[in-house]
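Visitor: So that you have it, the file is work.cif, and it contains mmCIF, C-alpha atoms:
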data_data
loop_
_atom_site.label_atom_id
_atom_site.label_comp_id
_atom_site.auth_asym_id
_atom_site.auth_seq_id
_atom_site.Cartn_x
_atom_site.Cartn_y
_atom_site.Cartn_z
CA MET A 258 -3.16 9.36 -48.42
CA SER A 259 -2.19 6.03 -47.02
CA SER A 260 -0.49 7.55 -44.02
CA SER A 261 -3.63 9.20 -42.59
CA ASP A 262 -6.58 6.94 -43.36
CA GLY A 263 -7.58 5.57 -39.96
CA HIS A 264 -4.74 3.31 -38.88
CA PRO A 265 -2.51 5.85 -37.28
CA SER A 266 -0.75 3.80 -34.66
CA HIS A 267 -0.24 0.34 -36.08
CA THR A 268 3.36 0.80 -36.84
CA ALA A 269 4.11 3.87 -34.78
CA HIS A 270 3.57 2.66 -31.17
CA HIS A 271 2.25 -0.86 -31.18
CA HIS A 272 1.62 -1.94 -27.61
CA PRO A 273 2.20 -5.65 -26.85
CA ASN A 274 -1.09 -5.86 -24.89
CA LEU A 275 -3.23 -4.09 -27.49
CA ALA A 276 -6.10 -6.26 -28.75
CA GLY A 277 -6.73 -6.25 -32.50
CA HIS A 278 -10.12 -4.52 -32.29
CA PHE A 279 -8.74 -1.39 -30.64
CA ASP A 280 -6.78 1.35 -32.34
CA THR A 281 -4.77 2.51 -29.38
CA ILE A 282 -3.96 1.27 -25.89
CA GLN A 283 -5.67 4.40 -24.49
CA GLN A 284 -8.88 3.43 -26.27
CA GLN A 285 -8.61 -0.11 -24.95
CA ASP A 286 -8.02 1.10 -21.37
CA TYR A 287 -10.93 3.52 -21.65
CA ALA A 288 -13.26 0.74 -22.83
CA ALA A 289 -12.06 -1.63 -20.09
CA ARG A 290 -12.60 0.96 -17.35
CA LEU A 291 -16.02 1.96 -18.64
CA GLY A 292 -17.05 -1.70 -18.83
CA MET A 293 -15.92 -2.27 -15.25
CA TRP A 294 -17.77 0.76 -13.87
CA LEU A 295 -20.90 -0.35 -15.74
CA PHE A 296 -20.57 -3.79 -14.18
CA LEU A 297 -20.09 -2.25 -10.72
CA GLY A 298 -23.25 -0.21 -11.34
CA THR A 299 -25.19 -3.41 -11.98
CA GLU A 300 -23.70 -4.88 -8.81
CA VAL A 301 -25.03 -1.92 -6.84
CA LEU A 302 -28.47 -2.56 -8.35
CA LEU A 303 -28.22 -6.27 -7.54
CA PHE A 304 -27.72 -5.48 -3.87
CA ALA A 305 -30.30 -2.69 -4.11
CA GLY A 306 -33.05 -5.31 -4.38
CA LEU A 307 -32.00 -6.87 -1.10
CA PHE A 308 -31.63 -3.48 0.60
CA LEU A 309 -35.15 -2.69 -0.58
CA GLY A 310 -36.46 -5.92 0.98
CA TYR A 311 -34.69 -4.91 4.18
CA THR A 312 -36.29 -1.46 4.07
CA VAL A 313 -39.81 -2.81 3.65
CA TYR A 314 -39.60 -5.45 6.39
CA ARG A 315 -37.84 -3.12 8.76
CA HIS A 316 -40.62 -0.61 8.20
CA PHE A 317 -43.30 -3.14 9.14
CA TYR A 318 -41.42 -4.94 11.93
CA HIS A 319 -39.29 -2.19 13.41
CA GLU A 320 -39.21 -3.62 16.96
CA THR A 321 -38.49 -7.13 15.76
CA PHE A 322 -35.51 -5.97 13.72
CA HIS A 323 -34.15 -4.08 16.70
CA HIS A 324 -34.34 -7.11 18.99
CA CYS A 325 -33.09 -9.59 16.41
CA SER A 326 -30.08 -7.44 15.56
CA ARG A 327 -29.02 -7.87 19.19
CA ALA A 328 -28.64 -11.58 18.44
CA LEU A 329 -25.71 -10.76 16.16
CA ASP A 330 -22.22 -10.48 17.57
CA ILE A 331 -21.24 -6.80 17.23
CA LYS A 332 -17.65 -7.61 18.17
CA LEU A 333 -17.22 -10.07 15.30
CA GLY A 334 -19.03 -7.72 12.93
CA THR A 335 -16.73 -4.86 13.89
CA ILE A 336 -13.61 -7.01 13.47
CA ASN A 337 -14.84 -8.02 10.02
CA THR A 338 -15.44 -4.37 9.11
CA LEU A 339 -11.88 -3.50 10.13
CA VAL A 340 -10.53 -6.50 8.20
CA LEU A 341 -12.33 -5.43 5.01
CA ILE A 342 -11.33 -1.76 5.31
CA THR A 343 -7.70 -2.76 5.85
CA SER A 344 -7.84 -5.12 2.88
CA SER A 345 -9.24 -2.26 0.81
CA LEU A 346 -6.18 -0.22 1.79
CA SER A 347 -3.77 -3.04 0.95
CA VAL A 348 -5.31 -3.67 -2.48
CA ALA A 349 -5.08 0.06 -3.24
CA LEU A 350 -1.41 -0.10 -2.22
CA ALA A 351 -0.88 -3.18 -4.42
CA TYR A 352 -2.29 -1.26 -7.38
CA TRP A 353 -0.03 1.70 -6.61
CA CYS A 354 3.01 -0.60 -6.35
CA VAL A 355 2.31 -2.13 -9.77
CA LYS A 356 1.91 1.34 -11.22
CA VAL A 357 5.31 2.50 -9.98
CA GLY A 358 7.02 -0.82 -10.69
CA LYS A 359 7.49 -2.18 -7.16
CA ARG A 360 6.63 -5.77 -8.06
CA THR A 361 7.65 -7.52 -4.84
CA TRP A 362 5.71 -5.04 -2.71
CA ALA A 363 2.69 -5.44 -4.95
CA ILE A 364 2.74 -9.21 -4.47
CA GLY A 365 3.12 -8.77 -0.71
CA ALA A 366 0.18 -6.37 -0.53
CA LEU A 367 -1.97 -8.76 -2.57
CA VAL A 368 -1.06 -11.73 -0.38
CA PHE A 369 -2.08 -9.64 2.63
CA THR A 370 -5.36 -8.70 0.94
CA ILE A 371 -6.15 -12.32 0.11
CA LEU A 372 -5.37 -13.35 3.70
CA CYS A 373 -7.75 -10.63 4.92
CA ALA A 374 -10.43 -12.02 2.62
CA ALA A 375 -9.86 -15.51 4.01
CA GLY A 376 -9.96 -14.11 7.54
CA PHE A 377 -13.26 -12.40 6.79
CA LEU A 378 -14.73 -15.69 5.58
CA CYS A 379 -13.47 -17.56 8.67
CA ILE A 380 -15.13 -15.04 10.99
CA LYS A 381 -18.29 -15.23 8.89
CA TYR A 382 -18.17 -19.02 9.26
CA LEU A 383 -17.99 -18.65 13.07
CA GLU A 384 -21.02 -16.38 13.00
CA TYR A 385 -23.00 -18.64 10.67
CA SER A 386 -22.25 -21.82 12.62
CA HIS A 387 -23.45 -20.13 15.82
CA LYS A 388 -26.65 -19.09 14.06
CA PHE A 389 -27.21 -22.65 12.84
CA HIS A 390 -26.55 -23.97 16.33
CA VAL A 391 -29.13 -21.78 18.07
CA GLY A 392 -31.65 -21.96 15.22
CA GLU A 393 -31.60 -18.31 14.17
CA LEU A 394 -32.33 -19.32 10.62
CA PRO A 395 -34.40 -18.01 7.72
CA GLY A 396 -38.04 -18.77 7.03
CA LYS A 397 -39.45 -22.08 8.16
CA TRP A 398 -36.13 -23.24 9.66
CA PHE A 399 -36.29 -20.56 12.33
CA ARG A 400 -36.45 -22.17 15.80
CA ALA A 401 -34.83 -19.70 18.24
CA GLU A 402 -37.19 -19.89 21.25
CA GLU A 403 -36.24 -16.58 22.87
CA LEU A 404 -36.98 -14.58 19.70
CA MET A 405 -40.24 -16.36 18.91
CA GLN A 406 -42.20 -13.70 20.80
CA PHE A 407 -41.34 -11.11 18.14
CA PRO A 408 -43.48 -11.19 15.01
CA ALA A 409 -41.71 -12.07 11.79
CA ALA A 410 -38.40 -12.67 13.56
CA ASN A 411 -37.60 -15.25 10.89
CA MET A 412 -37.80 -12.50 8.24
CA TYR A 413 -34.91 -10.70 9.88
CA PHE A 414 -32.78 -13.79 9.57
CA THR A 415 -33.98 -14.43 6.02
CA ILE A 416 -32.68 -10.99 5.08
CA TYR A 417 -29.55 -11.45 7.20
CA PHE A 418 -28.61 -14.67 5.43
CA LEU A 419 -29.53 -13.46 1.94
CA THR A 420 -27.54 -10.22 2.19
CA THR A 421 -24.49 -11.56 4.02
CA GLY A 422 -24.60 -14.75 1.93
CA LEU A 423 -24.56 -12.84 -1.36
CA HIS A 424 -21.84 -10.64 0.06
CA ALA A 425 -19.76 -13.64 1.18
CA PHE A 426 -20.13 -15.04 -2.34
CA HIS A 427 -18.69 -11.77 -3.64
CA VAL A 428 -15.81 -12.10 -1.19
CA ILE A 429 -15.03 -15.54 -2.66
CA VAL A 430 -15.22 -14.21 -6.23
CA GLY A 431 -13.09 -11.21 -5.27
CA MET A 432 -10.50 -13.49 -3.70
CA SER A 433 -10.32 -15.54 -6.89
CA VAL A 434 -9.93 -12.40 -8.99
CA LEU A 435 -7.11 -11.16 -6.75
CA ILE A 436 -5.34 -14.54 -6.91
CA TRP A 437 -5.57 -14.36 -10.71
CA VAL A 438 -4.21 -10.80 -10.68
CA MET A 439 -1.39 -11.86 -8.37
CA LYS A 440 -0.46 -14.71 -10.72
CA GLY A 441 -0.22 -12.17 -13.52
CA ILE A 442 2.08 -9.95 -11.47
CA ILE A 443 4.30 -12.91 -10.54
CA LYS A 444 4.56 -13.85 -14.21
CA GLY A 445 5.51 -10.25 -14.99
CA ARG A 446 2.45 -9.63 -17.15
CA TYR A 447 1.65 -6.30 -15.46
CA ASN A 448 4.01 -3.37 -15.23
CA PRO A 449 3.91 0.44 -15.15
CA ASP A 450 3.00 0.38 -18.86
CA TYR A 451 0.15 -2.08 -18.50
CA TYR A 452 -1.74 -2.37 -15.23
CA VAL A 453 -5.44 -1.96 -16.09
CA PRO A 454 -6.34 -5.58 -15.11
CA VAL A 455 -4.84 -4.92 -11.66
CA GLU A 456 -6.86 -1.73 -11.42
CA LEU A 457 -10.11 -3.47 -12.35
CA GLY A 458 -9.49 -6.36 -9.95
CA ALA A 459 -8.87 -3.84 -7.17
CA LEU A 460 -12.08 -1.99 -8.11
CA TYR A 461 -14.07 -5.20 -7.65
CA TRP A 462 -12.54 -5.74 -4.23
CA HIS A 463 -13.39 -2.16 -3.19
CA LEU A 464 -17.01 -2.81 -4.17
CA VAL A 465 -17.07 -5.79 -1.79
CA ASP A 466 -15.90 -3.41 0.93
CA LEU A 467 -18.47 -0.83 -0.13
CA VAL A 468 -21.40 -3.21 0.25
CA TRP A 469 -20.22 -4.28 3.70
CA ILE A 470 -19.93 -0.65 4.83
CA PHE A 471 -23.72 -0.43 4.47
CA LEU A 472 -24.60 -3.96 5.57
CA PHE A 473 -22.72 -3.69 8.86
CA PRO A 474 -24.65 -0.82 10.49
CA LEU A 475 -27.99 -1.88 8.99
CA LEU A 476 -27.76 -5.47 10.30
CA TYR A 477 -25.65 -5.21 13.46
CA LEU A 478 -26.18 -1.74 14.89
CA ILE A 479 -29.91 -1.00 14.63
CA MET B 99 6.75 10.76 -4.22
CA ALA B 100 6.57 12.40 -0.82
CA GLU B 101 5.64 15.85 -2.01
CA ALA B 102 2.34 14.79 -3.55
CA THR B 103 -0.66 14.82 -1.27
CA ILE B 104 -4.40 14.39 -1.49
CA THR B 105 -5.06 17.83 -2.86
CA ASP B 106 -2.65 17.99 -5.73
CA SER B 107 -2.76 15.47 -8.57
CA ALA B 108 -6.51 15.92 -8.64
CA HIS B 109 -6.62 15.83 -12.42
CA GLY B 110 -5.04 13.21 -14.51
CA LYS B 111 -5.90 10.27 -16.67
CA GLY B 112 -4.87 7.55 -14.25
CA GLY B 113 -1.27 6.62 -14.73
CA GLU B 114 0.54 9.78 -15.71
CA HIS B 115 1.18 10.82 -12.12
CA HIS B 116 2.26 8.84 -9.13
CA HIS B 117 0.94 10.50 -6.02
CA SER B 118 2.24 9.13 -2.76
CA THR B 119 0.69 6.42 -0.67
CA LYS B 120 0.14 8.90 2.14
CA SER B 121 -3.40 9.70 1.03
CA TYR B 122 -4.31 5.99 1.19
CA PHE B 123 -3.19 5.75 4.80
CA VAL B 124 -4.96 8.98 5.74
CA VAL B 125 -8.21 7.69 4.20
CA TRP B 126 -7.71 4.36 5.96
CA ALA B 127 -7.31 6.11 9.33
CA ILE B 128 -10.49 8.13 8.73
CA LEU B 129 -12.36 4.95 7.78
CA LEU B 130 -11.25 3.25 11.00
CA THR B 131 -12.31 6.29 13.03
CA CYS B 132 -15.70 6.33 11.33
CA THR B 133 -16.14 2.63 12.07
CA GLY B 134 -15.38 3.26 15.73
CA LEU B 135 -17.83 6.14 15.74
CA THR B 136 -20.65 4.16 14.17
CA VAL B 137 -20.14 1.25 16.59
CA TRP B 138 -20.10 3.64 19.55
CA THR B 139 -23.32 5.36 18.46
CA GLY B 140 -24.78 1.93 17.66
CA TYR B 141 -24.62 1.00 21.35
CA LYS B 142 -26.41 4.20 22.35
CA ASP B 143 -30.15 4.59 22.18
CA LEU B 144 -30.73 7.72 20.14
CA GLY B 145 -34.28 6.84 19.22
CA ALA B 146 -35.18 7.92 15.72
CA TRP B 147 -31.68 9.30 15.13
CA ASN B 148 -29.89 5.96 15.16
CA LEU B 149 -30.70 5.04 11.58
CA PRO B 150 -30.02 8.41 9.88
CA LEU B 151 -26.77 8.75 11.81
CA ALA B 152 -25.59 5.24 10.92
CA LEU B 153 -26.50 5.78 7.27
CA SER B 154 -24.74 9.16 7.19
CA ILE B 155 -21.52 7.69 8.57
CA ALA B 156 -21.77 4.78 6.11
CA THR B 157 -22.27 7.24 3.24
CA VAL B 158 -19.19 9.22 4.28
CA LYS B 159 -17.15 5.99 4.45
CA ALA B 160 -18.46 4.79 1.09
CA SER B 161 -17.70 8.15 -0.53
CA LEU B 162 -14.13 8.05 0.74
CA VAL B 163 -13.66 4.52 -0.61
CA VAL B 164 -15.10 5.46 -4.01
CA TRP B 165 -13.27 8.77 -4.29
CA TYR B 166 -9.78 7.76 -3.10
CA PHE B 167 -9.45 3.96 -3.06
CA MET B 168 -11.40 3.44 -6.29
CA HIS B 169 -9.78 6.54 -7.83
CA MET B 170 -13.04 8.11 -8.84
CA ARG B 171 -11.28 11.47 -8.52
CA GLU B 172 -9.09 10.47 -11.47
CA ALA B 173 -11.78 8.64 -13.42
CA ALA B 174 -13.12 9.85 -16.74
CA GLY B 175 -16.42 11.73 -16.63
CA THR B 176 -18.30 8.90 -18.32
CA ASN B 177 -17.28 6.43 -15.64
CA ARG B 178 -18.40 8.79 -12.90
CA ILE B 179 -21.80 9.24 -14.51
CA VAL B 180 -22.25 5.50 -15.03
CA PHE B 181 -21.52 4.61 -11.42
CA VAL B 182 -23.39 7.50 -9.80
CA THR B 183 -26.43 6.77 -11.98
CA SER B 184 -26.77 3.35 -10.37
CA PHE B 185 -27.07 5.06 -6.98
CA VAL B 186 -29.66 7.45 -8.36
CA PHE B 187 -31.79 4.49 -9.42
CA LEU B 188 -31.25 2.83 -6.05
CA LEU B 189 -32.67 5.94 -4.38
CA VAL B 190 -35.55 6.15 -6.87
CA MET B 191 -36.44 2.55 -6.06
CA ILE B 192 -36.23 2.92 -2.30
CA PHE B 193 -38.09 6.24 -2.13
CA GLY B 194 -40.69 5.01 -4.61
CA VAL B 195 -41.44 2.12 -2.28
CA PHE B 196 -41.41 4.45 0.72
CA GLY B 197 -44.11 6.49 -0.98
CA ASP B 198 -46.24 3.37 -0.88
CA LEU B 199 -45.36 2.41 2.69
CA TRP B 200 -46.01 5.85 4.16
CA THR B 201 -49.38 6.30 2.52
CA ARG B 202 -50.89 2.92 3.31
CA SER B 203 -53.84 2.75 5.65
CA GLU B 204 -53.64 0.50 8.67
CA MET B 205 -56.02 -2.05 7.24
CA SER B 206 -53.84 -2.95 4.32
CA LEU B 207 -50.85 -3.74 6.50
CA PRO B 208 -49.97 -7.38 6.68
CA TYR B 209 -50.90 -9.25 9.86
CA HIS B 210 -48.57 -8.36 12.67
CA THR B 211 -48.74 -11.71 14.36
CA PRO B 212 -47.73 -14.53 12.08
CA THR B 213 -49.17 -17.91 12.98
CA THR B 214 -47.76 -21.26 12.19
CA GLU B 215 -51.27 -22.74 11.96
CA GLY B 216 -54.01 -22.00 9.53
CA PRO B 217 -57.33 -20.39 10.49
CA GLU B 218 -59.47 -22.35 12.92
CA ILE B 219 -62.09 -24.45 11.20
CA GLN B 220 -65.59 -23.94 12.59
CA VAL B 221 -67.16 -27.33 13.14
CA PRO B 222 -70.95 -27.16 13.47
CA GLU B 223 -72.36 -28.31 16.80
CA GLY B 224 -72.85 -32.07 16.87
CA ALA B 225 -71.17 -32.68 13.57
CA ALA B 226 -68.55 -35.36 13.31
CA ALA B 227 -64.94 -34.57 12.57
CA PRO B 228 -64.55 -33.39 8.95
CA ALA B 229 -64.36 -36.38 6.69
CA HIS B 230 -61.30 -36.76 4.55
CA HIS B 231 -62.02 -36.92 0.88
CA GLU B 232 -59.64 -38.27 -1.65
#
As structure tokens, please, write out the structure in this file.
Guide:
Amino acid sequence: MSSSDGHPSHTAHHHPNLAGHFDTIQQQDYAARLGMWLFLGTEVLLFAGLFLGYTVYRHFYHETFHHCSRALDIKLGTINTLVLITSSLSVALAYWCVKVGKRTWAIGALVFTILCAAGFLCIKYLEYSHKFHVGELPGKWFRAEELMQFPAANMYFTIYFLTTGLHAFHVIVGMSVLIWVMKGIIKGRYNPDYYVPVELGALYWHLVDLVWIFLFPLLYLI
Amino acid sequence: MAEATITDSAHGKGGEHHHSTKSYFVVWAILLTCTGLTVWTGYKDLGAWNLPLALSIATVKASLVVWYFMHMREAAGTNRIVFVTSFVFLLVMIFGVFGDLWTRSEMSLPYHTPTTEGPEIQVPEGAAAPAHHE
């Protein structure tokens, strides 16, 4: 009776990373993954509000959005897209390396990913500082003479700064998460038997890439 | 590792199989190509087709990222449903608002020329400038 009453794995295969409120490591991993996907779902909905604002204003001021998007630097936007896609690849490789036990390679791939994130932010800084310089700013701060002729031109830049700003904030958070994951790998906390935190950190970084995949054409290429 | 490709290892519980890194690089190359394509079409004036085309390419790219990089193809069914549901609600929200936008009459549109000044105040002939009250 005592051998089969709900605590099947306490003595049999006790995993060092198993929290007390889970029965098995599989159950714990399942809960962690589900929680992460739920969180990513709410992130999609968070950005959905901004995409909706974009949709409405673009509908009303179609011409304005077309002309204002020409004020953005497509070259820098494209470089940033390539940087994020490549960082998405390297974080996927880092995850794979942890899974198969290639620790040094995993650390290398994560360092590369974090450098890509920093590069993205630097390019974003260049773009922002140019916008501040020429006065292509949101709302009442808008003072770009050559775009004044288009109605609601400031709304385009309001949406530009809100969407890319929230995205840049996610880049910073993602960078911090990846640094934390990398610290764990260096300390030997993650290995082929326990890598879910690496997986979830990588998932967050892919979401950052995902949002940019839609922001880039909608803001730069219309 | 080298024998595994994109097509095999389609089912698993994340961890039991180690497919090669080849699929990651293939997906990466496709993503780069798609980016080049969307930039190229972005420079062209395709009229009404610009937006649907750009969104289609973005959707293809996003699907590849979710399916391969985020390992949705290995994810448990619950996780797939949870994530895809958020996109369903995104579409419900956007198309719900579009229903409003498309069916509005002209008169209820907001003013198309924003002004930085308020409406002009009509001062009656011969009257002095409006007095300022406390």
Visitor: To test your reading of the syntax: which residues would the PyMOL selection byres ((chain A and resi 376-389) around 12) return for the file shown? Reply as a short mmCIF file (atom, residue, chain, number, x, y, z; two decimals) with C-alpha atoms, in the frame of the given file.
Guide:
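Now in out-v5.cif:
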data_model
loop_
_atom_site.label_atom_id
_atom_site.label_comp_id
_atom_site.auth_asym_id
_atom_site.auth_seq_id
_atom_site.Cartn_x
_atom_site.Cartn_y
_atom_site.Cartn_z
CA CYS A 325 -33.09 -9.59 16.41
CA ALA A 328 -28.64 -11.58 18.44
CA LEU A 329 -25.71 -10.76 16.16
CA ASP A 330 -22.22 -10.48 17.57
CA ILE A 331 -21.24 -6.80 17.23
CA LYS A 332 -17.65 -7.61 18.17
CA LEU A 333 -17.22 -10.07 15.30
CA GLY A 334 -19.03 -7.72 12.93
CA THR A 335 -16.73 -4.86 13.89
CA ILE A 336 -13.61 -7.01 13.47
CA ASN A 337 -14.84 -8.02 10.02
CA THR A 338 -15.44 -4.37 9.11
CA LEU A 339 -11.88 -3.50 10.13
CA VAL A 340 -10.53 -6.50 8.20
CA LEU A 341 -12.33 -5.43 5.01
CA ILE A 342 -11.33 -1.76 5.31
CA THR A 343 -7.70 -2.76 5.85
CA SER A 344 -7.84 -5.12 2.88
CA PHE A 369 -2.08 -9.64 2.63
CA THR A 370 -5.36 -8.70 0.94
CA ILE A 371 -6.15 -12.32 0.11
CA LEU A 372 -5.37 -13.35 3.70
CA CYS A 373 -7.75 -10.63 4.92
CA ALA A 374 -10.43 -12.02 2.62
CA ALA A 375 -9.86 -15.51 4.01
CA HIS A 390 -26.55 -23.97 16.33
CA VAL A 391 -29.13 -21.78 18.07
CA GLY A 392 -31.65 -21.96 15.22
CA GLU A 393 -31.60 -18.31 14.17
CA LEU A 394 -32.33 -19.32 10.62
CA PRO A 395 -34.40 -18.01 7.72
CA TRP A 398 -36.13 -23.24 9.66
CA PHE A 399 -36.29 -20.56 12.33
CA ARG A 400 -36.45 -22.17 15.80
CA ALA A 401 -34.83 -19.70 18.24
CA PHE A 414 -32.78 -13.79 9.57
CA THR A 415 -33.98 -14.43 6.02
CA TYR A 417 -29.55 -11.45 7.20
CA PHE A 418 -28.61 -14.67 5.43
CA THR A 421 -24.49 -11.56 4.02
CA GLY A 422 -24.60 -14.75 1.93
CA HIS A 424 -21.84 -10.64 0.06
CA ALA A 425 -19.76 -13.64 1.18
CA PHE A 426 -20.13 -15.04 -2.34
CA HIS A 427 -18.69 -11.77 -3.64
CA VAL A 428 -15.81 -12.10 -1.19
CA ILE A 429 -15.03 -15.54 -2.66
CA VAL A 430 -15.22 -14.21 -6.23
CA GLY A 431 -13.09 -11.21 -5.27
CA MET A 432 -10.50 -13.49 -3.70
CA VAL A 465 -17.07 -5.79 -1.79
CA ASP A 466 -15.90 -3.41 0.93
CA TRP A 469 -20.22 -4.28 3.70
#
Visitor: Determine, using all atoms listed in the file, which residues of chain A have any atom at most 6 Å from an atom of chain B, and tabulate each with its shortest atom pair and distance in Å to one decimal place, rows ordered by chain and then rising number, as a tab-separated table.
Guide:
residue	atom	partner	partner_atom	distance
A:Leu291	CA	B:Asn177	CA	5.5
A:Trp294	CA	B:Phe181	CA	5.9
A:Gly298	CA	B:Ser184	CA	5.1
A:Ala305	CA	B:Leu188	CA	5.9
A:Leu309	CA	B:Ile192	CA	6.0
A:Ala349	CA	B:Phe167	CA	5.9
A:Pro408	CA	B:Thr211	CA	5.3
A:Leu460	CA	B:Met168	CA	5.8
A:Leu467	CA	B:Ala160	CA	5.8
A:Ile470	CA	B:Ala156	CA	5.9
A:Phe471	CA	B:Ala156	CA	5.8
A:Leu478	CA	B:Gly140	CA	4.8
Visitor: Just the number, please: distance in Å from atom CA of Ile416 of chain A to atom CA of Gly396 of chain A, one decimal.
Guide: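 That distance, rounded to one decimal, is 9.6 Å.
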Visitor: Can you list, as a PDB file with C-alpha atoms, in the coordinates of the input, every protein, DNA or RNA residue that comes within 10 Å of segment 284-289 of chain A when you count only C-alpha atoms, leaving out same-chain residues fewer than 4 positions away?
Guide:
ATOM      1  CA  ASN A 274      -1.090  -5.860 -24.890  1.00  0.00           C
ATOM      2  CA  LEU A 275      -3.230  -4.090 -27.490  1.00  0.00           C
ATOM      3  CA  ALA A 276      -6.100  -6.260 -28.750  1.00  0.00           C
ATOM      4  CA  GLY A 277      -6.730  -6.250 -32.500  1.00  0.00           C
ATOM      5  CA  HIS A 278     -10.120  -4.520 -32.290  1.00  0.00           C
ATOM      6  CA  PHE A 279      -8.740  -1.390 -30.640  1.00  0.00           C
ATOM      7  CA  ASP A 280      -6.780   1.350 -32.340  1.00  0.00           C
ATOM      8  CA  MET A 293     -15.920  -2.270 -15.250  1.00  0.00           C
ATOM      9  CA  TRP A 294     -17.770   0.760 -13.870  1.00  0.00           C
ATOM     10  CA  LEU A 295     -20.900  -0.350 -15.740  1.00  0.00           C
ATOM     11  CA  TYR A 451       0.150  -2.080 -18.500  1.00  0.00           C
ATOM     12  CA  TYR A 452      -1.740  -2.370 -15.230  1.00  0.00           C
ATOM     13  CA  VAL A 453      -5.440  -1.960 -16.090  1.00  0.00           C
ATOM     14  CA  PRO A 454      -6.340  -5.580 -15.110  1.00  0.00           C
ATOM     15  CA  LEU A 457     -10.110  -3.470 -12.350  1.00  0.00           C
TER      16      LEU A 457
ATOM     17  CA  LYS B 111      -5.900  10.270 -16.670  1.00  0.00           C
ATOM     18  CA  ALA B 173     -11.780   8.640 -13.420  1.00  0.00           C
ATOM     19  CA  ALA B 174     -13.120   9.850 -16.740  1.00  0.00           C
ATOM     20  CA  THR B 176     -18.300   8.900 -18.320  1.00  0.00           C
ATOM     21  CA  ASN B 177     -17.280   6.430 -15.640  1.00  0.00           C
TER      22      ASN B 177
END
Visitor: Between atom CA of Ala351 of chain A and atom CA of Thr299 of chain A, what is the distance, to one decimal in Å?
Guide: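 The value is 25.5 Å.
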Visitor: Between atom CA of Met439 of chain A and atom CA of Glu300 of chain A, what is the distance in Å, rounded to a tenth?
Guide: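 Computing it gives 23.4 Å between the two atoms.
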Visitor: For Tyr413 of chain A, which of A:Ile436, A:Val301, A:Leu475, A:Val348 is the closest residue, counting all atoms listed in the file?
Guide: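 Using all atoms listed in the file, Tyr413 of chain A sits closest to A:Leu475.
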Visitor: With N, CA and C atoms as the goal, would you fill in the gaps in segment 387-399 of chain A and present it as a PDB file, in the frame of the given file?
Guide:
ATOM      1  N   HIS A 387     -22.713 -20.433  14.580  1.00  0.00           N
ATOM      2  CA  HIS A 387     -23.450 -20.130  15.820  1.00  0.00           C
ATOM      3  C   HIS A 387     -24.940 -19.975  15.530  1.00  0.00           C
ATOM      4  N   LYS A 388     -25.250 -19.290  14.426  1.00  0.00           N
ATOM      5  CA  LYS A 388     -26.650 -19.090  14.060  1.00  0.00           C
ATOM      6  C   LYS A 388     -27.333 -20.440  13.800  1.00  0.00           C
ATOM      7  N   PHE A 389     -26.635 -21.332  13.116  1.00  0.00           N
ATOM      8  CA  PHE A 389     -27.210 -22.650  12.840  1.00  0.00           C
ATOM      9  C   PHE A 389     -27.427 -23.399  14.141  1.00  0.00           C
ATOM     10  N   HIS A 390     -26.494 -23.247  15.071  1.00  0.00           N
ATOM     11  CA  HIS A 390     -26.550 -23.970  16.330  1.00  0.00           C
ATOM     12  C   HIS A 390     -27.772 -23.554  17.144  1.00  0.00           C
ATOM     13  N   VAL A 391     -28.025 -22.239  17.227  1.00  0.00           N
ATOM     14  CA  VAL A 391     -29.130 -21.780  18.070  1.00  0.00           C
ATOM     15  C   VAL A 391     -30.433 -21.634  17.280  1.00  0.00           C
ATOM     16  N   GLY A 392     -30.415 -21.949  16.003  1.00  0.00           N
ATOM     17  CA  GLY A 392     -31.650 -21.960  15.220  1.00  0.00           C
ATOM     18  C   GLY A 392     -32.122 -20.596  14.764  1.00  0.00           C
ATOM     19  N   GLU A 393     -31.220 -19.618  14.710  1.00  0.00           N
ATOM     20  CA  GLU A 393     -31.600 -18.310  14.170  1.00  0.00           C
ATOM     21  C   GLU A 393     -31.448 -18.356  12.655  1.00  0.00           C
ATOM     22  N   LEU A 394     -32.444 -18.997  12.039  1.00  0.00           N
ATOM     23  CA  LEU A 394     -32.330 -19.320  10.620  1.00  0.00           C
ATOM     24  C   LEU A 394     -33.489 -18.720   9.836  1.00  0.00           C
ATOM     25  N   PRO A 395     -33.346 -18.646   8.522  1.00  0.00           N
ATOM     26  CA  PRO A 395     -34.400 -18.010   7.720  1.00  0.00           C
ATOM     27  C   PRO A 395     -35.676 -18.855   7.643  1.00  0.00           C
ATOM     28  N   GLY A 396     -36.774 -18.151   7.390  1.00  0.00           N
ATOM     29  CA  GLY A 396     -38.040 -18.770   7.030  1.00  0.00           C
ATOM     30  C   GLY A 396     -38.481 -19.883   7.958  1.00  0.00           C
ATOM     31  N   LYS A 397     -38.835 -21.009   7.373  1.00  0.00           N
ATOM     32  CA  LYS A 397     -39.450 -22.080   8.160  1.00  0.00           C
ATOM     33  C   LYS A 397     -38.439 -22.812   9.035  1.00  0.00           C
ATOM     34  N   TRP A 398     -37.145 -22.557   8.839  1.00  0.00           N
ATOM     35  CA  TRP A 398     -36.130 -23.240   9.660  1.00  0.00           C
ATOM     36  C   TRP A 398     -35.876 -22.517  10.975  1.00  0.00           C
ATOM     37  N   PHE A 399     -36.502 -21.363  11.123  1.00  0.00           N
ATOM     38  CA  PHE A 399     -36.290 -20.560  12.330  1.00  0.00           C
ATOM     39  C   PHE A 399     -36.821 -21.309  13.557  1.00  0.00           C
TER      40      PHE A 399
END
